[in-house]
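Peer 1: target13.pdb is the file, holding PDB, C-alpha atoms and all ligand atoms:
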ATOM      1  CA  MET A   1     -28.920 167.861 126.783  1.00  0.00           C
ATOM      2  CA  VAL A   2     -26.975 170.200 124.558  1.00  0.00           C
ATOM      3  CA  PHE A   3     -23.824 169.072 126.346  1.00  0.00           C
ATOM      4  CA  LYS A   4     -24.562 165.440 125.587  1.00  0.00           C
ATOM      5  CA  PHE A   5     -25.161 166.181 121.943  1.00  0.00           C
ATOM      6  CA  GLN A   6     -21.857 167.999 121.668  1.00  0.00           C
ATOM      7  CA  ARG A   7     -20.067 165.152 123.370  1.00  0.00           C
ATOM      8  CA  ALA A   8     -21.677 162.700 120.976  1.00  0.00           C
ATOM      9  CA  GLU A   9     -20.407 164.732 118.056  1.00  0.00           C
ATOM     10  CA  GLY A  10     -16.891 164.607 119.430  1.00  0.00           C
ATOM     11  CA  THR A  11     -16.848 160.846 119.938  1.00  0.00           C
ATOM     12  CA  ASP A  12     -14.196 158.902 118.057  1.00  0.00           C
ATOM     13  CA  TYR A  13     -15.333 155.702 116.432  1.00  0.00           C
ATOM     14  CA  LEU A  14     -12.046 154.804 114.847  1.00  0.00           C
ATOM     15  CA  SER A  15      -9.470 153.285 117.186  1.00  0.00           C
ATOM     16  CA  LYS A  16      -6.297 155.357 116.939  1.00  0.00           C
ATOM     17  CA  ALA A  17      -4.223 152.423 118.202  1.00  0.00           C
ATOM     18  CA  ALA A  18      -5.605 150.034 115.587  1.00  0.00           C
ATOM     19  CA  VAL A  19      -5.096 152.577 112.812  1.00  0.00           C
ATOM     20  CA  ALA A  20      -1.534 153.317 113.947  1.00  0.00           C
ATOM     21  CA  GLY A  21      -0.788 149.578 114.159  1.00  0.00           C
ATOM     22  CA  ALA A  22      -2.157 148.942 110.677  1.00  0.00           C
ATOM     23  CA  LEU A  23      -0.211 151.891 109.269  1.00  0.00           C
ATOM     24  CA  LEU A  24       3.028 150.604 110.782  1.00  0.00           C
ATOM     25  CA  LYS A  25       2.335 147.102 109.481  1.00  0.00           C
ATOM     26  CA  LYS A  26       1.624 148.497 106.022  1.00  0.00           C
ATOM     27  CA  HIS A  27       4.885 150.468 105.941  1.00  0.00           C
ATOM     28  CA  ILE A  28       6.952 147.511 107.176  1.00  0.00           C
ATOM     29  CA  LEU A  29       5.381 145.141 104.640  1.00  0.00           C
ATOM     30  CA  TYR A  30       5.926 147.609 101.803  1.00  0.00           C
ATOM     31  CA  ALA A  31       9.509 148.378 102.855  1.00  0.00           C
ATOM     32  CA  VAL A  32      10.657 144.805 103.518  1.00  0.00           C
ATOM     33  CA  GLY A  33       8.649 143.255 100.669  1.00  0.00           C
ATOM     34  CA  GLY A  34       9.641 146.016  98.268  1.00  0.00           C
ATOM     35  CA  PHE A  35      13.327 145.784  99.133  1.00  0.00           C
ATOM     36  CA  PHE A  36      13.559 142.019  98.722  1.00  0.00           C
ATOM     37  CA  SER A  37      11.383 142.081  95.601  1.00  0.00           C
ATOM     38  CA  VAL A  38      13.892 144.416  93.982  1.00  0.00           C
ATOM     39  CA  VAL A  39      16.866 142.359  95.207  1.00  0.00           C
ATOM     40  CA  PHE A  40      15.548 138.966  94.097  1.00  0.00           C
ATOM     41  CA  GLY A  41      13.916 140.418  90.983  1.00  0.00           C
ATOM     42  CA  THR A  42      17.327 141.731  89.960  1.00  0.00           C
ATOM     43  CA  ILE A  43      18.981 138.386  90.743  1.00  0.00           C
ATOM     44  CA  LEU A  44      16.296 136.641  88.670  1.00  0.00           C
ATOM     45  CA  ILE A  45      16.875 138.902  85.674  1.00  0.00           C
ATOM     46  CA  MET A  46      20.635 138.455  86.028  1.00  0.00           C
ATOM     47  CA  SER A  47      20.353 134.679  86.271  1.00  0.00           C
ATOM     48  CA  ILE A  48      18.170 134.595  83.164  1.00  0.00           C
ATOM     49  CA  THR A  49      20.468 136.804  81.102  1.00  0.00           C
ATOM     50  CA  ASP A  50      23.811 135.543  82.411  1.00  0.00           C
ATOM     51  CA  PRO A  51      24.464 131.890  81.374  1.00  0.00           C
ATOM     52  CA  THR A  52      26.931 131.398  84.262  1.00  0.00           C
ATOM     53  CA  MET A  53      24.168 132.184  86.800  1.00  0.00           C
ATOM     54  CA  ARG A  54      21.544 129.789  85.379  1.00  0.00           C
ATOM     55  CA  ASP A  55      21.570 127.695  88.574  1.00  0.00           C
ATOM     56  CA  ASP A  56      20.283 130.666  90.558  1.00  0.00           C
ATOM     57  CA  ILE A  57      16.984 131.033  88.633  1.00  0.00           C
ATOM     58  CA  LEU A  58      15.015 128.695  90.869  1.00  0.00           C
ATOM     59  CA  LEU A  59      16.547 130.155  94.008  1.00  0.00           C
ATOM     60  CA  ALA A  60      15.708 133.704  92.911  1.00  0.00           C
ATOM     61  CA  ILE A  61      12.096 132.699  92.190  1.00  0.00           C
ATOM     62  CA  CYS A  62      11.827 130.966  95.579  1.00  0.00           C
ATOM     63  CA  PHE A  63      12.783 134.203  97.329  1.00  0.00           C
ATOM     64  CA  LEU A  64      11.003 136.581  94.961  1.00  0.00           C
ATOM     65  CA  LEU A  65       7.558 135.040  95.466  1.00  0.00           C
ATOM     66  CA  PRO A  66       7.441 135.501  99.273  1.00  0.00           C
ATOM     67  CA  SER A  67       8.823 139.033  98.820  1.00  0.00           C
ATOM     68  CA  LEU A  68       6.014 139.879  96.385  1.00  0.00           C
ATOM     69  CA  PHE A  69       3.561 138.308  98.812  1.00  0.00           C
ATOM     70  CA  LEU A  70       4.696 140.754 101.516  1.00  0.00           C
ATOM     71  CA  VAL A  71       4.002 143.665  99.145  1.00  0.00           C
ATOM     72  CA  TYR A  72       0.574 142.163  98.434  1.00  0.00           C
ATOM     73  CA  ARG A  73      -0.133 141.919 102.178  1.00  0.00           C
ATOM     74  CA  GLY A  74       0.877 145.558 102.519  1.00  0.00           C
ATOM     75  CA  ARG A  75      -1.674 146.416  99.836  1.00  0.00           C
ATOM     76  CA  VAL A  76      -4.369 144.460 101.720  1.00  0.00           C
ATOM     77  CA  CYS A  77      -3.442 146.372 104.870  1.00  0.00           C
ATOM     78  CA  SER A  78      -3.668 149.674 103.001  1.00  0.00           C
ATOM     79  CA  LYS A  79      -7.103 148.856 101.558  1.00  0.00           C
ATOM     80  CA  ARG A  80      -8.334 147.864 105.008  1.00  0.00           C
ATOM     81  CA  LEU A  81      -7.278 151.239 106.365  1.00  0.00           C
ATOM     82  CA  ASP A  82      -9.069 153.015 103.515  1.00  0.00           C
ATOM     83  CA  SER A  83     -12.232 151.033 104.245  1.00  0.00           C
ATOM     84  CA  ALA A  84     -12.083 151.809 107.965  1.00  0.00           C
ATOM     85  CA  ASN A  85     -11.780 155.514 107.173  1.00  0.00           C
ATOM     86  CA  TYR A  86     -14.583 155.282 104.636  1.00  0.00           C
ATOM     87  CA  TYR A  87     -17.027 153.652 107.078  1.00  0.00           C
ATOM     88  CA  ASN A  88     -15.957 156.060 109.795  1.00  0.00           C
ATOM     89  CA  THR A  89     -17.226 159.032 107.785  1.00  0.00           C
ATOM     90  CA  PHE A  90     -20.713 157.492 107.961  1.00  0.00           C
ATOM     91  CA  LEU A  91     -20.402 156.980 111.714  1.00  0.00           C
ATOM     92  CA  GLU A  92     -19.249 160.531 112.318  1.00  0.00           C
ATOM     93  CA  GLY A  93     -21.982 161.952 110.141  1.00  0.00           C
ATOM     94  CA  ASP A  94     -24.719 159.923 111.783  1.00  0.00           C
ATOM     95  CA  ILE A  95     -27.176 161.694 114.077  1.00  0.00           C
ATOM     96  CA  ASP A  96     -29.655 159.059 115.243  1.00  0.00           C
ATOM     97  CA  GLY A  97     -27.317 156.429 116.669  1.00  0.00           C
ATOM     98  CA  PHE A  98     -27.783 153.818 113.976  1.00  0.00           C
ATOM     99  CA  VAL A  99     -26.143 153.364 110.594  1.00  0.00           C
ATOM    100  CA  ALA A 100     -28.009 150.750 108.579  1.00  0.00           C
ATOM    101  CA  LEU A 101     -26.031 148.289 106.485  1.00  0.00           C
ATOM    102  CA  GLU A 102     -28.041 149.372 103.437  1.00  0.00           C
ATOM    103  CA  ASP A 103     -26.752 152.925 103.830  1.00  0.00           C
ATOM    104  CA  LEU A 104     -23.177 151.671 103.773  1.00  0.00           C
ATOM    105  CA  THR A 105     -23.773 149.685 100.599  1.00  0.00           C
ATOM    106  CA  LYS A 106     -25.194 152.604  98.649  1.00  0.00           C
ATOM    107  CA  GLU A 107     -21.949 153.501  96.906  1.00  0.00           C
ATOM    108  CA  GLY A 108     -22.257 150.596  94.494  1.00  0.00           C
ATOM    109  CA  LEU A 109     -20.753 148.170  96.995  1.00  0.00           C
ATOM    110  CA  ASP A 110     -21.911 144.598  97.276  1.00  0.00           C
ATOM    111  CA  ALA A 111     -23.914 144.113 100.501  1.00  0.00           C
ATOM    112  CA  GLY A 112     -22.243 140.795 101.304  1.00  0.00           C
ATOM    113  CA  LYS A 113     -18.785 142.274 100.887  1.00  0.00           C
ATOM    114  CA  VAL A 114     -19.586 145.237 103.138  1.00  0.00           C
ATOM    115  CA  ARG A 115     -20.884 142.865 105.796  1.00  0.00           C
ATOM    116  CA  THR A 116     -17.780 140.644 105.631  1.00  0.00           C
ATOM    117  CA  GLU A 117     -15.464 143.640 105.649  1.00  0.00           C
ATOM    118  CA  LEU A 118     -17.208 145.237 108.631  1.00  0.00           C
ATOM    119  CA  GLU A 119     -17.068 141.967 110.566  1.00  0.00           C
ATOM    120  CA  LEU A 120     -13.330 141.809 109.926  1.00  0.00           C
ATOM    121  CA  LEU A 121     -12.731 145.467 110.842  1.00  0.00           C
ATOM    122  CA  PHE A 122     -14.683 145.096 114.089  1.00  0.00           C
ATOM    123  CA  ARG A 123     -12.874 141.847 114.907  1.00  0.00           C
ATOM    124  CA  LYS A 124      -9.540 143.573 114.300  1.00  0.00           C
ATOM    125  CA  GLY A 125     -10.557 146.326 116.707  1.00  0.00           C
ATOM    126  CA  PHE A 126     -10.663 149.214 114.226  1.00  0.00           C
ATOM    127  CA  PHE A 127     -13.856 150.619 115.700  1.00  0.00           C
ATOM    128  CA  LYS A 128     -14.729 151.663 119.220  1.00  0.00           C
ATOM    129  CA  ASN A 129     -17.698 153.247 120.991  1.00  0.00           C
ATOM    130  CA  CYS A 130     -20.014 151.374 118.649  1.00  0.00           C
ATOM    131  CA  THR A 131     -21.164 147.838 117.950  1.00  0.00           C
ATOM    132  CA  LEU A 132     -21.883 145.845 114.837  1.00  0.00           C
ATOM    133  CA  GLN A 133     -25.377 144.392 114.871  1.00  0.00           C
ATOM    134  CA  LEU A 134     -26.003 141.651 112.361  1.00  0.00           C
ATOM    135  CA  GLU A 135     -28.987 139.840 113.865  1.00  0.00           C
ATOM    136  CA  GLY A 136     -32.611 140.515 113.287  1.00  0.00           C
ATOM    137  CA  ASN A 137     -34.035 142.495 110.428  1.00  0.00           C
ATOM    138  CA  LYS A 138     -32.065 145.636 111.250  1.00  0.00           C
ATOM    139  CA  SER A 139     -28.416 145.119 110.512  1.00  0.00           C
ATOM    140  CA  GLY A 140     -25.999 147.943 110.979  1.00  0.00           C
ATOM    141  CA  ILE A 141     -23.763 149.793 113.389  1.00  0.00           C
ATOM    142  CA  VAL A 142     -25.143 150.976 116.719  1.00  0.00           C
ATOM    143  CA  LEU A 143     -23.646 154.130 118.210  1.00  0.00           C
ATOM    144  CA  PRO A 144     -24.752 154.160 121.869  1.00  0.00           C
ATOM    145  CA  ASP A 145     -23.517 157.695 122.451  1.00  0.00           C
ATOM    146  CA  LYS A 146     -25.810 159.047 119.797  1.00  0.00           C
ATOM    147  CA  VAL A 147     -28.645 156.735 120.804  1.00  0.00           C
ATOM    148  CA  GLN A 148     -28.720 158.599 124.130  1.00  0.00           C
ATOM    149  CA  VAL A 149     -29.448 161.751 122.181  1.00  0.00           C
ATOM    150  CA  GLU A 150     -32.200 159.929 120.354  1.00  0.00           C
ATOM    151  CA  GLU A 151     -33.682 158.584 123.602  1.00  0.00           C
ATOM    152  CA  SER A 152     -34.109 162.049 124.997  1.00  0.00           C
ATOM    153  CA  ARG A 153     -36.119 162.721 121.828  1.00  0.00           C
ATOM    154  CA  MET A 154     -34.958 165.678 119.828  1.00  0.00           C
ATOM    155  CA  ILE A 155     -37.771 166.742 117.553  1.00  0.00           C
ATOM    156  CA  LYS A 156     -37.925 169.095 114.622  1.00  0.00           C
ATOM    157  CA  VAL A 157     -39.769 172.334 115.351  1.00  0.00           C
ATOM    158  CA  THR A 158     -40.509 174.877 112.653  1.00  0.00           C
ATOM    159  CA  CYS A 159     -40.044 178.431 113.865  1.00  0.00           C
ATOM    160  CA  GLU A 160     -43.336 180.325 113.624  1.00  0.00           C
ATOM    161  CA  ARG A 161     -41.647 183.626 112.999  1.00  0.00           C
ATOM    162  CA  CYS A 162     -38.999 182.793 110.370  1.00  0.00           C
ATOM    163  CA  GLY A 163     -39.845 179.280 109.256  1.00  0.00           C
ATOM    164  CA  ALA A 164     -36.441 177.782 110.099  1.00  0.00           C
ATOM    165  CA  VAL A 165     -36.417 174.183 111.291  1.00  0.00           C
ATOM    166  CA  ASN A 166     -34.671 173.654 114.625  1.00  0.00           C
ATOM    167  CA  ALA A 167     -34.056 170.608 116.803  1.00  0.00           C
ATOM    168  CA  VAL A 168     -35.700 170.943 120.209  1.00  0.00           C
ATOM    169  CA  ARG A 169     -35.902 168.406 123.023  1.00  0.00           C
ATOM    170  CA  LEU A 170     -39.402 166.964 123.345  1.00  0.00           C
ATOM    171  CA  GLY A 171     -41.113 168.587 126.321  1.00  0.00           C
ATOM    172  CA  GLY A 172     -38.432 171.263 126.555  1.00  0.00           C
ATOM    173  CA  THR A 173     -37.888 174.655 125.057  1.00  0.00           C
ATOM    174  CA  GLY A 174     -35.289 176.039 122.721  1.00  0.00           C
ATOM    175  CA  GLU A 175     -34.306 179.132 120.848  1.00  0.00           C
ATOM    176  CA  CYS A 176     -34.452 179.550 117.083  1.00  0.00           C
ATOM    177  CA  ALA A 177     -30.898 179.566 115.798  1.00  0.00           C
ATOM    178  CA  TYR A 178     -31.819 182.112 113.150  1.00  0.00           C
ATOM    179  CA  CYS A 179     -34.134 184.658 114.741  1.00  0.00           C
ATOM    180  CA  GLY A 180     -33.948 183.905 118.457  1.00  0.00           C
ATOM    181  CA  SER A 181     -37.649 183.181 118.949  1.00  0.00           C
ATOM    182  CA  THR A 182     -38.579 180.797 121.730  1.00  0.00           C
ATOM    183  CA  LEU A 183     -39.487 177.345 120.475  1.00  0.00           C
ATOM    184  CA  ILE A 184     -41.636 174.790 122.291  1.00  0.00           C
ATOM    185  CA  GLY A 185     -40.642 171.148 121.975  1.00  0.00           C
ATOM    186  CA  LYS A 186     -43.985 169.565 121.247  1.00  0.00           C
ATOM    187  CA  GLU A 187     -45.091 167.444 118.324  1.00  0.00           C
TER
HETATM  188 ZN    ZN B 201     -36.845 181.758 113.760  1.00  0.00          ZN
END
Do you think you could lay out the structure here as structure tokens?
Ligand SMILES: [Zn+2]
Peer 2:
Amino acid sequence: MVFKFQRAEGTDYLSKAAVAGALLKKHILYAVGGFFSVVFGTILIMSITDPTMRDDILLAICFLLPSLFLVYRGRVCSKRLDSANYYNTFLEGDIDGFVALEDLTKEGLDAGKVRTELELLFRKGFFKNCTLQLEGNKSGIVLPDKVQVEESRMIKVTCERCGAVNAVRLGGTGECAYCGSTLIGKE
């Protein structure tokens, strides 16, 4: 039981491959988009200020816009990574195997936006070892590894000697983490 709980705590919910892929994409978009934005931005300024280069204005704009778009896509990629990391902190901190959508929207985020963003992140494969549940009245993220812990019913037992609250498996026994007294797992 204790072993399972420890394993659950060590579970990764963020896909390292997806994160690495998104990071690489972000860097490439920033580098390529940034480089060409500077190049065509400079050409644009030159063509505006230099009368002999007037014909190049349109051309410079035609190349500058897609370059800026690449930078914008890099920014989208970066924000997506931030979001994935943000949601992951909730998953790692969870103990009962379920993170409700409401809990993820607490930080002043719009519920609809969180839902859309999570759907996208799951579709893009950012998360693993968990599933997004959007049907029924309980929407949220299910963490099967931690659900196993929940199924074996850890209950809170107050130590009779020192008053500390410990988690003990229902029907089992445990030891108070503070004073070492034997604890009985019954409600
Ligand atoms: Zn105690």
Peer 1: How would you write, as a PyMOL selection string, the set of residues no farther than 7 Å from ligand ZN 201 (chain B) when counting all atoms listed in the file?
Peer 2: chain A and resi 159-164+176-181
Peer 1: Let me know the residues the PyMOL selection byres (((chain A and resi 118-125) around 12) and not hetatm) catches in the file above, as a PyMOL selection string.
Peer 2: chain A and resi 13-22+77+79-88+101+104-105+111-117+126-134+139-141
Peer 1: I need the residue nearest Asp12 in chain A from this list: A:Thr182, A:Arg75, A:Leu59, A:Lys146. Use all atoms listed in the file for the distance.
Peer 2: A:Lys146
Peer 1: May I ask which of the residues A:Leu91, A:Leu170, A:Ile45, A:Ile184 is the closest one to Val142 in chain A, counting only C-alpha atoms?
Peer 2: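 Closest to Val142 in chain A of all the choices is A:Leu91.
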Peer 1: Just how far from CA of Leu183 in chain A is CA of Ile155 in chain A, in Å to one decimal?
Peer 2: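 Going from CA of Ile155 in chain A over to CA of Leu183 in chain A covers 11.1 Å.
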Peer 1: Pick out the residues sitting within 10 Å of Pro66 in chain A, and hand them over as a list of chain:residue names; count only C-alpha atoms, and ignore anything fewer than 5 positions along from it in its own chain.
Peer 2: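 Once the nearby chain positions are removed, what remains is A:Gly33, A:Phe36, A:Ser37, A:Ile61, A:Val71, A:Tyr72.
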Peer 1: In Å, rounded to a single decimal, give me how far CA of Lys138 in chain A is from CA of Arg153 in chain A.
Peer 2: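 It comes out at 20.5 Å.
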Peer 1: Please indicate the distance in Å from CA of Arg73 in chain A to CA of Leu29 in chain A, rounded to one decimal place.
Peer 2: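 Rounded to one decimal, the two atoms are 6.8 Å apart.
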Peer 1: For Ala100 in chain A, which residue among A:Leu143, A:Met46, A:Leu23, A:Ala31 is the nearest when counting only C-alpha atoms?
Peer 2: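 Among the listed residues, A:Leu143 lies closest to Ala100 in chain A.
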Peer 1: Tell me which of A:Leu68, A:Val99, A:Met154, A:Ala167 sits closest to Tyr30 in chain A, counting only C-alpha atoms.
Peer 2: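 Looking only at the distances to Tyr30 in chain A, the closest residue turns out to be A:Leu68.
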Peer 1: Rank nothing, just name the residue among A:Asp110, A:Val168, A:Leu24, A:Val32 nearest to Leu70 in chain A, using only C-alpha atoms.
Peer 2: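 Result for the nearest residue to Leu70 in chain A: A:Val32.
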Peer 1: Identify which of the residues A:Asp103, A:Gly185, A:Thr49, A:Leu65 lies closest to Val157 in chain A, counting only C-alpha atoms when measuring atom-to-atom distances.
Peer 2: A:Gly185
Peer 1: Hey, what comes out of the PyMOL selection byres (((chain A and resi 44) around 9) and not hetatm) on this file? Could you write it as number ranges by chain?
Peer 2: A: 39-43, 45-49, 56-61, 64
